[in-house]
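Asker: Just one file: target01.txt, with compact mmCIF, C-alpha atoms and all ligand atoms.
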# COMPACT_ATOMS: atom_id res chain seq x y z
CA MET A 1200 -18.59 12.82 4.82
CA ALA A 1201 -18.89 12.07 1.11
CA THR A 1202 -19.16 15.12 -1.07
CA GLU A 1203 -17.98 13.51 -4.29
CA SER A 1204 -18.86 9.86 -4.91
CA VAL A 1205 -16.97 7.59 -7.28
CA THR A 1206 -19.87 7.48 -9.70
CA SER A 1207 -19.97 11.27 -9.83
CA GLN A 1208 -16.27 11.31 -10.70
CA GLY A 1209 -17.10 10.50 -14.31
CA MET A 1210 -16.55 6.74 -14.41
CA ASP A 1211 -18.21 4.80 -17.20
CA LEU A 1212 -19.57 1.87 -15.25
CA LYS A 1213 -21.86 0.26 -17.76
CA ASP A 1214 -19.43 -0.85 -20.46
CA PRO A 1215 -20.04 -4.62 -20.64
CA VAL A 1216 -17.44 -5.32 -23.35
CA THR A 1217 -14.13 -4.13 -21.90
CA PRO A 1218 -12.71 -6.74 -19.53
CA LEU A 1219 -12.89 -5.67 -15.93
CA ALA A 1220 -9.45 -5.86 -14.30
CA MET A 1221 -9.97 -6.61 -10.62
CA VAL A 1222 -6.25 -6.43 -9.97
CA VAL A 1223 -4.30 -4.98 -7.04
CA GLY A 1224 -2.67 -2.45 -9.34
CA PRO A 1225 -2.59 -0.51 -11.49
CA THR A 1226 -6.22 0.22 -10.70
CA ARG A 1227 -8.70 2.24 -12.77
CA PRO A 1228 -7.99 5.99 -12.61
CA ALA A 1229 -10.76 8.57 -12.84
CA PRO A 1230 -10.82 10.45 -16.18
CA SER A 1231 -9.66 13.68 -14.54
CA VAL A 1232 -6.55 11.84 -13.28
CA LEU A 1233 -5.78 10.45 -16.74
CA GLU A 1234 -6.13 13.90 -18.29
CA ARG A 1235 -3.13 15.11 -16.31
CA LEU A 1236 -0.90 12.59 -18.06
CA GLY A 1237 -1.38 13.80 -21.62
CA ASP A 1238 0.16 17.28 -21.45
CA PRO A 1239 3.82 18.10 -21.99
CA ALA A 1240 5.78 17.71 -18.76
CA PRO A 1241 5.62 20.95 -16.76
CA PRO A 1242 8.88 22.96 -16.44
CA LEU A 1243 10.36 22.26 -13.02
CA THR A 1244 10.50 25.93 -12.06
CA ASP A 1245 6.98 26.75 -13.26
CA PRO A 1246 5.24 28.45 -10.29
CA GLU A 1247 1.92 26.78 -11.18
CA PHE A 1248 3.53 23.35 -11.13
CA ILE A 1249 5.29 24.08 -7.83
CA ALA A 1250 1.99 25.25 -6.32
CA GLU A 1251 0.20 22.08 -7.42
CA PHE A 1252 3.07 19.91 -6.18
CA GLY A 1253 2.73 21.70 -2.84
CA ARG A 1254 -0.99 20.89 -2.74
CA CYS A 1255 -0.17 17.27 -3.58
CA LEU A 1256 2.16 17.05 -0.57
CA SER A 1257 -0.29 18.67 1.79
CA ARG A 1258 -3.10 16.36 0.62
CA LEU A 1259 -0.85 13.36 1.20
CA ARG A 1260 -0.20 14.50 4.79
CA THR A 1261 -3.93 14.88 5.41
CA LEU A 1262 -4.73 11.48 3.91
CA VAL A 1263 -2.32 9.64 6.22
CA GLY A 1264 -3.79 11.34 9.26
CA SER A 1265 -1.06 13.80 10.09
CA THR A 1266 -0.61 17.52 10.58
CA THR A 1267 3.10 17.43 11.30
CA ALA A 1268 4.64 14.69 9.13
CA SER A 1269 7.39 15.49 6.64
CA VAL A 1270 6.13 14.25 3.31
CA ALA A 1271 7.83 13.41 0.02
CA VAL A 1272 6.72 12.26 -3.41
CA VAL A 1273 9.58 10.87 -5.50
CA PRO A 1274 9.93 8.96 -8.78
CA GLY A 1275 10.11 5.20 -8.48
CA THR A 1276 8.29 1.96 -7.76
CA GLY A 1277 7.02 0.89 -4.38
CA THR A 1278 10.07 -1.34 -4.04
CA ASN A 1279 12.34 1.68 -4.65
CA GLY A 1280 10.43 3.32 -1.82
CA MET A 1281 11.06 0.40 0.52
CA GLU A 1282 14.76 0.47 -0.32
CA SER A 1283 14.88 4.25 0.23
CA ILE A 1284 13.54 3.74 3.74
CA VAL A 1285 16.10 1.03 4.49
CA VAL A 1286 19.15 2.92 3.16
CA SER A 1287 18.10 6.22 4.69
CA LEU A 1288 17.10 5.15 8.18
CA LEU A 1289 18.70 1.82 9.07
CA ARG A 1290 22.21 1.64 10.35
CA PRO A 1291 24.16 -1.30 8.87
CA GLY A 1292 25.00 -3.90 11.50
CA VAL A 1293 22.13 -3.10 13.88
CA PRO A 1294 19.29 -5.66 13.80
CA VAL A 1295 15.68 -5.03 12.82
CA LEU A 1296 12.52 -7.03 13.42
CA VAL A 1297 10.43 -7.81 10.33
CA ALA A 1298 6.82 -8.86 10.95
CA SER A 1299 6.13 -10.65 7.69
CA THR A 1300 2.71 -11.79 6.55
CA GLY A 1301 3.70 -12.68 2.99
CA MET A 1302 5.92 -11.73 0.08
CA TRP A 1303 6.11 -8.04 1.02
CA GLY A 1304 7.43 -8.76 4.48
CA ASP A 1305 9.88 -11.14 2.86
CA ARG A 1306 10.93 -8.32 0.52
CA TRP A 1307 11.60 -6.02 3.51
CA ARG A 1308 13.88 -8.77 4.76
CA GLU A 1309 15.74 -9.18 1.45
CA ILE A 1310 16.32 -5.43 1.11
CA CYS A 1311 17.64 -5.12 4.67
CA LEU A 1312 20.05 -8.01 4.13
CA ARG A 1313 21.40 -6.37 0.93
CA HIS A 1314 22.29 -3.34 3.01
CA GLN A 1315 23.97 -5.30 5.80
CA VAL A 1316 21.12 -4.79 8.23
CA PRO A 1317 20.66 -8.03 10.22
CA VAL A 1318 17.06 -9.28 10.25
CA HIS A 1319 15.01 -11.26 12.70
CA ALA A 1320 11.79 -12.37 10.99
CA PRO A 1321 9.57 -14.61 13.12
CA ARG A 1322 7.03 -16.73 11.22
CA PHE A 1323 3.34 -16.33 11.87
CA PRO A 1324 0.69 -18.89 10.93
CA VAL A 1325 -0.30 -18.65 7.23
CA GLY A 1326 -3.14 -16.17 6.77
CA ARG A 1327 -2.77 -14.58 10.21
CA ALA A 1328 -1.68 -11.06 11.21
CA PRO A 1329 1.56 -10.58 13.20
CA ASP A 1330 1.07 -11.72 16.77
CA PRO A 1331 1.58 -8.72 19.11
CA VAL A 1332 2.36 -10.96 22.11
CA LEU A 1333 5.28 -12.59 20.30
CA LEU A 1334 6.46 -9.26 18.91
CA GLU A 1335 6.38 -7.64 22.34
CA LYS A 1336 8.48 -10.46 23.75
CA LEU A 1337 11.05 -10.16 20.95
CA LEU A 1338 11.16 -6.37 21.06
CA SER A 1339 11.69 -6.34 24.81
CA ARG A 1340 14.78 -8.55 24.70
CA GLY A 1341 16.37 -7.58 21.38
CA HIS A 1342 17.97 -4.26 20.64
CA TYR A 1343 16.14 -3.63 17.40
CA GLN A 1344 16.47 -0.30 15.66
CA ALA A 1345 13.17 -0.77 13.83
CA LEU A 1346 10.06 -2.87 13.31
CA LEU A 1347 9.18 -3.29 9.63
CA VAL A 1348 5.78 -4.41 8.42
CA ALA A 1349 3.38 -4.29 5.49
CA HIS A 1350 0.12 -2.61 6.53
CA VAL A 1351 -1.62 -4.84 4.01
CA ASP A 1352 0.32 -7.67 2.43
CA SER A 1353 -1.17 -8.09 -1.03
CA SER A 1354 0.04 -11.69 -1.29
CA SER A 1355 -1.98 -12.83 1.74
CA GLY A 1356 -4.77 -10.24 2.01
CA VAL A 1357 -3.84 -9.79 5.68
CA ARG A 1358 -3.86 -6.43 7.46
CA ALA A 1359 -1.52 -5.84 10.38
CA ASP A 1360 -2.76 -4.19 13.58
CA LEU A 1361 -0.76 -0.98 13.10
CA PRO A 1362 -1.86 0.93 16.21
CA GLU A 1363 -0.75 -1.98 18.38
CA LEU A 1364 2.49 -2.61 16.47
CA ALA A 1365 3.43 1.07 16.59
CA ARG A 1366 2.78 1.11 20.34
CA LEU A 1367 5.08 -1.88 20.86
CA ALA A 1368 7.80 -0.35 18.70
CA ARG A 1369 7.68 2.93 20.67
CA GLN A 1370 7.91 1.02 23.95
CA SER A 1371 11.30 -0.36 22.93
CA ASP A 1372 12.50 2.75 21.11
CA ALA A 1373 12.38 1.06 17.69
CA LEU A 1374 11.14 2.94 14.63
CA CYS A 1375 7.89 1.64 13.13
CA LEU A 1376 8.37 1.52 9.34
CA VAL A 1377 5.32 0.67 7.29
CA ASP A 1378 4.87 -0.44 3.69
CA GLY A 1379 1.38 0.88 2.98
CA VAL A 1380 1.49 0.62 -0.81
CA SER A 1381 -1.58 -1.63 -1.08
CA ALA A 1382 -3.34 0.06 1.86
CA ILE A 1383 -3.20 3.82 1.24
CA GLY A 1384 -6.51 5.06 -0.11
CA ALA A 1385 -8.37 1.97 1.18
CA GLU A 1386 -7.49 1.65 4.89
CA HIS A 1387 -7.66 3.88 7.96
CA ILE A 1388 -4.28 5.51 8.54
CA GLU A 1389 -3.59 7.71 11.57
CA LEU A 1390 0.11 8.45 11.43
CA ASP A 1391 0.11 10.95 14.31
CA ALA A 1392 -2.34 9.21 16.63
CA TRP A 1393 -0.86 5.74 16.19
CA GLY A 1394 2.74 6.90 16.33
CA LEU A 1395 3.93 5.51 12.99
CA ASP A 1396 7.40 6.66 11.92
CA VAL A 1397 7.38 6.15 8.16
CA TYR A 1398 4.37 5.38 6.01
CA LEU A 1399 5.22 4.41 2.44
CA GLY A 1400 2.50 4.68 -0.20
CA GLY A 1401 2.14 4.81 -3.95
CA PRO A 1402 -0.46 5.98 -6.45
CA PRO A 1403 -1.41 2.93 -8.54
CA LYS A 1404 -3.44 0.91 -6.02
CA GLY A 1405 -5.95 2.35 -3.52
CA LEU A 1406 -5.42 5.89 -4.82
CA ALA A 1407 -6.16 4.93 -8.45
CA GLY A 1408 -3.30 7.06 -9.74
CA PRO A 1409 -0.52 6.29 -12.22
CA PRO A 1410 2.38 3.95 -11.42
CA GLY A 1411 5.84 5.48 -11.08
CA LEU A 1412 5.92 7.37 -7.77
CA ALA A 1413 6.65 6.49 -4.17
CA THR A 1414 5.11 8.58 -1.39
CA PHE A 1415 6.51 8.97 2.12
CA ALA A 1416 5.26 10.43 5.36
CA LEU A 1417 7.81 10.68 8.18
CA SER A 1418 7.24 11.39 11.87
CA GLU A 1419 9.32 13.99 13.67
CA ARG A 1420 11.18 11.13 15.32
CA ALA A 1421 12.10 9.65 11.93
CA VAL A 1422 13.28 13.03 10.66
CA ARG A 1423 15.41 13.42 13.79
CA ARG A 1424 17.00 9.99 13.15
CA LEU A 1425 17.84 11.11 9.60
CA GLY A 1426 19.57 14.17 11.02
CA GLU A 1427 21.54 12.16 13.59
CA ARG A 1428 22.91 9.66 11.06
CA ASP A 1429 26.56 8.82 11.69
CA TRP A 1430 27.01 6.56 8.67
CA THR A 1431 26.86 7.11 4.91
CA PRO A 1432 23.87 5.45 3.22
CA GLY A 1433 24.77 2.76 0.68
CA SER A 1434 22.84 4.57 -2.06
CA TYR A 1435 23.03 8.13 -3.33
CA SER A 1436 19.86 8.37 -5.41
CA LEU A 1437 17.64 6.52 -2.91
CA ASP A 1438 18.63 8.65 0.08
CA LEU A 1439 15.54 10.38 1.46
CA ALA A 1440 17.43 13.00 3.46
CA PRO A 1441 18.18 15.38 0.53
CA TRP A 1442 14.56 15.20 -0.62
CA LEU A 1443 13.06 16.59 2.57
CA PRO A 1444 14.29 20.20 2.21
CA VAL A 1445 13.24 20.11 -1.46
CA MET A 1446 9.72 19.04 -0.50
CA ALA A 1447 9.55 21.66 2.27
CA ALA A 1448 10.60 24.33 -0.25
CA THR A 1449 7.94 23.09 -2.68
CA GLU A 1450 5.26 23.45 -0.02
CA ARG A 1451 6.39 27.06 0.52
CA GLY A 1452 6.02 27.62 -3.23
CA GLU A 1453 9.77 27.70 -3.84
CA PHE A 1454 11.83 25.72 -6.32
CA GLY A 1455 14.16 23.09 -4.92
CA TYR A 1456 16.22 20.37 -6.55
CA PHE A 1457 17.72 17.00 -5.66
CA GLN A 1458 16.57 14.94 -8.66
CA SER A 1459 13.99 15.80 -11.32
CA PRO A 1460 10.43 15.13 -10.24
CA ALA A 1461 8.13 13.17 -12.59
CA GLY A 1462 5.94 16.21 -13.34
CA ASN A 1463 2.93 14.63 -15.00
CA LEU A 1464 2.79 11.84 -12.47
CA VAL A 1465 2.82 14.38 -9.64
CA LEU A 1466 -0.06 16.30 -11.27
CA ALA A 1467 -2.05 13.08 -11.72
CA LEU A 1468 -1.38 11.97 -8.14
CA SER A 1469 -2.41 15.37 -6.84
CA GLU A 1470 -5.75 15.00 -8.62
CA ALA A 1471 -6.20 11.44 -7.31
CA LEU A 1472 -5.54 12.73 -3.78
CA ARG A 1473 -7.97 15.60 -4.31
CA LEU A 1474 -10.66 13.09 -5.30
CA ALA A 1475 -9.86 10.87 -2.30
CA LEU A 1476 -10.22 13.78 0.13
CA ALA A 1477 -13.33 15.06 -1.67
CA GLU A 1478 -14.92 11.66 -1.15
CA GLY A 1479 -13.86 11.93 2.50
CA ARG A 1480 -11.34 9.84 4.45
CA GLU A 1481 -14.01 8.03 6.45
CA ALA A 1482 -16.38 7.61 3.52
CA ARG A 1483 -13.65 6.20 1.29
CA VAL A 1484 -12.59 3.59 3.83
CA GLY A 1485 -16.27 2.83 4.47
CA ARG A 1486 -16.90 2.25 0.76
CA HIS A 1487 -13.99 -0.17 0.57
CA MET A 1488 -15.20 -2.06 3.65
CA ALA A 1489 -18.77 -2.34 2.41
CA LEU A 1490 -17.68 -3.62 -1.00
CA ARG A 1491 -15.22 -6.04 0.60
CA ASP A 1492 -17.98 -7.42 2.84
CA ARG A 1493 -20.27 -7.92 -0.14
CA LEU A 1494 -17.50 -9.69 -2.06
CA HIS A 1495 -16.67 -11.93 0.90
CA GLU A 1496 -20.31 -12.87 1.47
CA GLY A 1497 -20.70 -13.72 -2.21
CA LEU A 1498 -17.51 -15.79 -2.24
CA ALA A 1499 -18.63 -17.67 0.89
CA GLU A 1500 -21.93 -18.51 -0.83
CA LEU A 1501 -19.92 -19.94 -3.71
CA GLY A 1502 -17.83 -22.01 -1.30
CA VAL A 1503 -14.60 -20.10 -2.02
CA LYS A 1504 -12.26 -19.97 0.98
CA LEU A 1505 -10.16 -16.96 1.92
CA LEU A 1506 -6.53 -17.18 3.01
CA ALA A 1507 -6.94 -14.58 5.79
CA ALA A 1508 -8.53 -16.68 8.50
CA GLU A 1509 -9.80 -13.94 10.84
CA PRO A 1510 -12.43 -11.52 9.50
CA ALA A 1511 -10.94 -8.68 11.57
CA GLU A 1512 -7.55 -9.19 9.89
CA ARG A 1513 -8.88 -9.07 6.31
CA ALA A 1514 -7.70 -6.15 4.21
CA ASN A 1515 -10.24 -3.68 2.81
CA GLY A 1516 -8.98 -3.71 -0.74
CA VAL A 1517 -7.25 -7.03 -1.48
CA THR A 1518 -8.71 -10.51 -1.10
CA VAL A 1519 -6.63 -13.65 -1.43
CA CYS A 1520 -8.63 -16.81 -2.11
CA VAL A 1521 -7.68 -20.47 -2.08
CA VAL A 1522 -8.08 -22.13 -5.49
CA PRO A 1523 -11.05 -24.51 -5.19
CA GLU A 1524 -10.17 -28.14 -4.55
CA GLY A 1525 -9.53 -30.16 -7.68
CA MET A 1526 -8.97 -27.12 -9.92
CA ARG A 1527 -5.85 -25.67 -11.46
CA GLU A 1528 -5.24 -21.97 -10.90
CA GLU A 1529 -4.60 -21.23 -14.58
CA GLU A 1530 -7.63 -23.11 -15.78
CA PHE A 1531 -9.94 -21.48 -13.23
CA LEU A 1532 -8.64 -17.94 -13.87
CA GLY A 1533 -8.92 -18.57 -17.61
CA ALA A 1534 -12.56 -19.50 -17.15
CA VAL A 1535 -13.19 -16.33 -15.11
CA ALA A 1536 -11.40 -14.22 -17.76
CA ALA A 1537 -13.64 -15.76 -20.43
CA GLU A 1538 -16.49 -14.12 -18.48
CA GLY A 1539 -14.80 -10.74 -18.85
CA VAL A 1540 -13.13 -10.37 -15.46
CA LEU A 1541 -9.36 -10.47 -15.03
CA LEU A 1542 -8.18 -11.76 -11.68
CA PRO A 1543 -4.48 -12.02 -10.75
CA GLY A 1544 -2.91 -15.28 -9.68
CA GLY A 1545 -1.39 -15.85 -6.28
CA THR A 1546 1.95 -14.48 -5.10
CA PHE A 1547 2.08 -16.19 -1.72
CA SER A 1548 5.08 -18.46 -2.13
CA ALA A 1549 4.24 -20.76 0.78
CA LEU A 1550 1.10 -21.87 -1.09
CA GLY A 1551 2.65 -22.25 -4.56
CA ASN A 1552 -0.07 -21.75 -7.14
CA ARG A 1553 -2.91 -22.56 -4.78
CA THR A 1554 -4.19 -18.98 -4.42
CA PHE A 1555 -5.77 -16.34 -6.62
CA ARG A 1556 -6.52 -12.72 -5.81
CA VAL A 1557 -9.20 -10.08 -6.19
CA GLY A 1558 -8.19 -6.42 -6.09
CA HIS A 1559 -11.10 -4.21 -5.00
CA LEU A 1560 -9.56 -0.86 -4.33
CA GLY A 1561 -9.38 2.63 -5.74
CA THR A 1562 -12.43 3.54 -7.79
CA VAL A 1563 -14.09 0.15 -7.23
CA THR A 1564 -17.89 0.15 -7.32
CA ASP A 1565 -20.80 -2.07 -6.40
CA ALA A 1566 -21.24 -2.96 -10.08
CA ASP A 1567 -17.65 -4.24 -10.19
CA ILE A 1568 -18.34 -6.60 -7.29
CA THR A 1569 -21.53 -7.86 -8.93
CA ARG A 1570 -19.67 -8.57 -12.18
CA THR A 1571 -16.80 -10.26 -10.33
CA LEU A 1572 -19.06 -12.58 -8.37
CA ALA A 1573 -20.98 -13.53 -11.53
CA ALA A 1574 -17.72 -14.33 -13.33
CA VAL A 1575 -16.38 -16.41 -10.43
CA ARG A 1576 -19.67 -18.33 -10.29
CA ALA A 1577 -19.51 -19.03 -14.02
CA GLY A 1578 -15.80 -19.91 -13.77
CA LEU A 1579 -16.48 -22.45 -11.04
CA ARG A 1580 -19.23 -24.01 -13.09
CA SER A 1581 -17.22 -24.27 -16.29
CA SER A 1582 -14.15 -25.62 -14.57
CA GLY A 1583 -16.14 -28.45 -13.13
CA ARG A 1584 -17.90 -27.40 -9.96
CA ASN A 1585 -21.68 -27.32 -9.96
CA ARG A 1586 -22.70 -24.28 -7.96
C1 LIG A 1601 2.46 -3.37 -4.95
C2 LIG A 1601 3.12 -3.37 -3.65
C3 LIG A 1601 4.38 -2.78 -3.47
C4 LIG A 1601 5.19 -2.10 -4.55
O1 LIG A 1601 5.29 -2.74 -5.73
P1 LIG A 1601 6.17 -2.19 -6.94
O2 LIG A 1601 5.90 -3.20 -8.01
O3 LIG A 1601 7.59 -2.18 -6.51
O4 LIG A 1601 5.67 -0.82 -7.28
C5 LIG A 1601 4.91 -2.75 -2.20
N1 LIG A 1601 4.25 -3.30 -1.18
C6 LIG A 1601 3.05 -3.88 -1.31
C7 LIG A 1601 2.35 -4.42 -0.10
C8 LIG A 1601 2.44 -3.93 -2.55
O5 LIG A 1601 1.23 -4.50 -2.67
Using structure tokens, write down the structure that the file contains.

Answerer:
Amino acid sequence: MATESVTSQGMDLKDPVTPLAMVVGPTRPAPSVLERLGDPAPPLTDPEFIAEFGRCLSRLRTLVGSTTASVAVVPGTGTNGMESIVVSLLRPGVPVLVASTGMWGDRWREICLRHQVPVHAPRFPVGRAPDPVLLEKLLSRGHYQALLVAHVDSSSGVRADLPELARLARQSDALCLVDGVSAIGAEHIELDAWGLDVYLGGPPKGLAGPPGLATFALSERAVRRLGERDWTPGSYSLDLAPWLPVMAATERGEFGYFQSPAGNLVLALSEALRLALAEGREARVGRHMALRDRLHEGLAELGVKLLAAEPAERANGVTVCVVPEGMREEEFLGAVAAEGVLLPGGTFSALGNRTFRVGHLGTVTDADITRTLAAVRAGLRSSGRNR
């Protein structure tokens, strides 16, 4: 249960002048997270740094619902992380199944193709989660080495049914590889219980940490596959295999080296993870769900439609809305920004510029939702709709 709420984490929530960025990332870090970024980078062999890095790794394992996963925190973007997973675990020439619900599924596909991994990517209706019945059928007749999916696709606001998808992947001996970059810190994750094989995360979204790191949690099965590899990965620096013994050494308090860690970013992430666990895994997800529900009710009252058609498939921390009829995206978002709230435009290519987004993850509060709804209401009014 909650022992440390967001408001007790030192946020200044009453500043009416600074624009409020309701973006998917980077989200607003707590002051104690920001403080970790201002010091000189810690020496790599400093025992205090190694100890804190070890705590960071163990907190990550706890947050994704695992006691046994191999974890790693490495420099890079989320996309670097996706590519690491592909080059490390997927054998060129053996097909994978990509369950795409937007641009991030499409990116899985592009990365696989670059590394000569054939892709089968069935289409699902716009705004719907991957259909388990179709996936089961495909998995049962193909010889796929893996099922790749975004837990939450931030271009559509759709959440995939991970427990079900992981079950289907296991049934056909395919690895279940998950891009959780816009989900970690905002969604339930049970790596062990659901049987996920790799869960990719990153600090700058639901964890409200700094950009620049990719986080990984790997099942025992995934680690075994790494060990059994009979091909050479098409990238040296993105290979996850050499990182795992380094991370294990770090957790034992020993120095290990493959590439230099981004020291300050690790310290800041460790603090963001500490805050997340202090709030409580359940409480943190519950806060995101309650704020999402308030936002969605308010948007419905304003007549704004959401892209994710099924309430049960709507992500906790990202909402994708359809631009109101008769309005231009730019003009509408400009009007909302004039009210002091920055909302990102759409990234769902199938709908061109007909969507806009609201990020409500990380340290998001009730006051943020109130301000967002007021700005959207005013934006609708000033761009020509009388609500
Ligand atoms: C933000 C995001 C990423 C990673 O983005 P980078 O810009 O490469 O850090 C990956 N997947 C999803 C679903 C995201 O929302």

Asker: Which is closer to Leu1376 in chain A than all the others in A:Val1232, A:Leu1417, A:Val1557, A:Leu1259, using only C-alpha atoms?

Answerer: A:Leu1417

Asker: Using only C-alpha atoms and all ligand atoms, find each residue with an atom at most 7 Å away from ligand LIG 1601 (chain A) and format the answer as a compact mmCIF listing (two decimals) with C-alpha atoms, in the frame of the given file.

Answerer:
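Final output, out-v9.txt:
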# COMPACT_ATOMS: atom_id res chain seq x y z
CA GLY A 1224 -2.67 -2.45 -9.34
CA THR A 1276 8.29 1.96 -7.76
CA GLY A 1277 7.02 0.89 -4.38
CA THR A 1278 10.07 -1.34 -4.04
CA ASN A 1279 12.34 1.68 -4.65
CA TRP A 1303 6.11 -8.04 1.02
CA ALA A 1349 3.38 -4.29 5.49
CA VAL A 1351 -1.62 -4.84 4.01
CA ASP A 1352 0.32 -7.67 2.43
CA SER A 1353 -1.17 -8.09 -1.03
CA ASP A 1378 4.87 -0.44 3.69
CA GLY A 1379 1.38 0.88 2.98
CA VAL A 1380 1.49 0.62 -0.81
CA SER A 1381 -1.58 -1.63 -1.08

Asker: Which residues, written as a PyMOL selection string, have at least one atom at most 10 Å from range 1567-1577 of chain A, with all atoms listed in the file counted and residues fewer than 3 positions away on the same chain left out?

Answerer: chain A and resi 1212-1213+1215+1219-1221+1490-1491+1493-1498+1500-1503+1531-1532+1534-1542+1557+1559+1562-1564+1580-1582+1584-1586

Asker: Rounded to one decimal, what separation in Å do you get between CA of Trp1393 in chain A and CA of Leu1361 in chain A?

Answerer: 7.4 Å

Asker: List the spatial neighbours of Cys1520 in chain A as a PyMOL selection string - criterion: any atom at most 10 Å away, all atoms listed in the file, same-chain residues fewer than 2 positions off excluded.

Answerer: chain A and resi 1355-1356+1495+1498+1503-1507+1517-1518+1522-1523+1544-1545+1553-1557

Asker: Work out how far CA of Ser1339 in chain A is from CA of Val1286 in chain A, in Å to one decimal.

Answerer: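 Spanning CA of Val1286 in chain A to CA of Ser1339 in chain A is a straight-line distance of 24.7 Å.
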
Asker: Which is closer to Val1348 in chain A than all the others in A:Ala1250, A:Leu1333, A:Ala1298, A:Ala1320, using only C-alpha atoms?

Answerer: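 Answer, going by the shortest atom-to-atom distance: A:Ala1298.
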
Asker: Write a file for range 1498-1509 of chain A of the given structure; include N, CA, C and O atoms and format it as an mmCIF file, in the first residue's frame.

Answerer:
data_model
loop_
_atom_site.group_PDB
_atom_site.id
_atom_site.type_symbol
_atom_site.label_atom_id
_atom_site.label_comp_id
_atom_site.auth_asym_id
_atom_site.auth_seq_id
_atom_site.Cartn_x
_atom_site.Cartn_y
_atom_site.Cartn_z
ATOM 1 N N LEU A 1498 -13.269 13.856 -20.904
ATOM 2 C CA LEU A 1498 -13.200 13.970 -22.363
ATOM 3 C C LEU A 1498 -14.530 13.567 -22.999
ATOM 4 O O LEU A 1498 -14.992 14.194 -23.949
ATOM 5 N N ALA A 1499 -15.156 12.518 -22.441
ATOM 6 C CA ALA A 1499 -16.457 12.080 -22.972
ATOM 7 C C ALA A 1499 -17.490 13.203 -22.820
ATOM 8 O O ALA A 1499 -18.273 13.470 -23.735
ATOM 9 N N GLU A 1500 -17.462 13.886 -21.668
ATOM 10 C CA GLU A 1500 -18.394 15.005 -21.468
ATOM 11 C C GLU A 1500 -18.180 16.102 -22.492
ATOM 12 O O GLU A 1500 -19.106 16.806 -22.881
ATOM 13 N N LEU A 1501 -16.924 16.250 -22.926
ATOM 14 C CA LEU A 1501 -16.618 17.288 -23.920
ATOM 15 C C LEU A 1501 -16.849 16.788 -25.347
ATOM 16 O O LEU A 1501 -16.621 17.511 -26.311
ATOM 17 N N GLY A 1502 -17.258 15.544 -25.485
ATOM 18 C CA GLY A 1502 -17.534 14.987 -26.806
ATOM 19 C C GLY A 1502 -16.286 14.560 -27.556
ATOM 20 O O GLY A 1502 -16.325 14.376 -28.773
ATOM 21 N N VAL A 1503 -15.163 14.396 -26.851
ATOM 22 C CA VAL A 1503 -13.920 13.972 -27.513
ATOM 23 C C VAL A 1503 -13.868 12.441 -27.553
ATOM 24 O O VAL A 1503 -14.043 11.790 -26.527
ATOM 25 N N LYS A 1504 -13.635 11.903 -28.743
ATOM 26 C CA LYS A 1504 -13.624 10.433 -28.895
ATOM 27 C C LYS A 1504 -12.213 9.872 -28.759
ATOM 28 O O LYS A 1504 -11.241 10.496 -29.176
ATOM 29 N N LEU A 1505 -12.137 8.678 -28.171
ATOM 30 C CA LEU A 1505 -10.845 8.018 -28.002
ATOM 31 C C LEU A 1505 -10.628 6.995 -29.107
ATOM 32 O O LEU A 1505 -11.575 6.382 -29.592
ATOM 33 N N LEU A 1506 -9.360 6.812 -29.482
ATOM 34 C CA LEU A 1506 -9.043 5.849 -30.538
ATOM 35 C C LEU A 1506 -9.243 4.411 -30.048
ATOM 36 O O LEU A 1506 -9.738 3.561 -30.786
ATOM 37 N N ALA A 1507 -8.842 4.126 -28.805
ATOM 38 C CA ALA A 1507 -9.006 2.770 -28.253
ATOM 39 C C ALA A 1507 -10.485 2.542 -27.975
ATOM 40 O O ALA A 1507 -11.074 3.179 -27.097
ATOM 41 N N ALA A 1508 -11.076 1.624 -28.741
ATOM 42 C CA ALA A 1508 -12.534 1.490 -28.731
ATOM 43 C C ALA A 1508 -13.048 0.822 -27.457
ATOM 44 O O ALA A 1508 -14.122 1.173 -26.954
ATOM 45 N N GLU A 1509 -12.312 -0.141 -26.924
ATOM 46 C CA GLU A 1509 -12.782 -0.930 -25.787
ATOM 47 C C GLU A 1509 -12.197 -0.408 -24.478
ATOM 48 O O GLU A 1509 -10.965 -0.397 -24.332
#
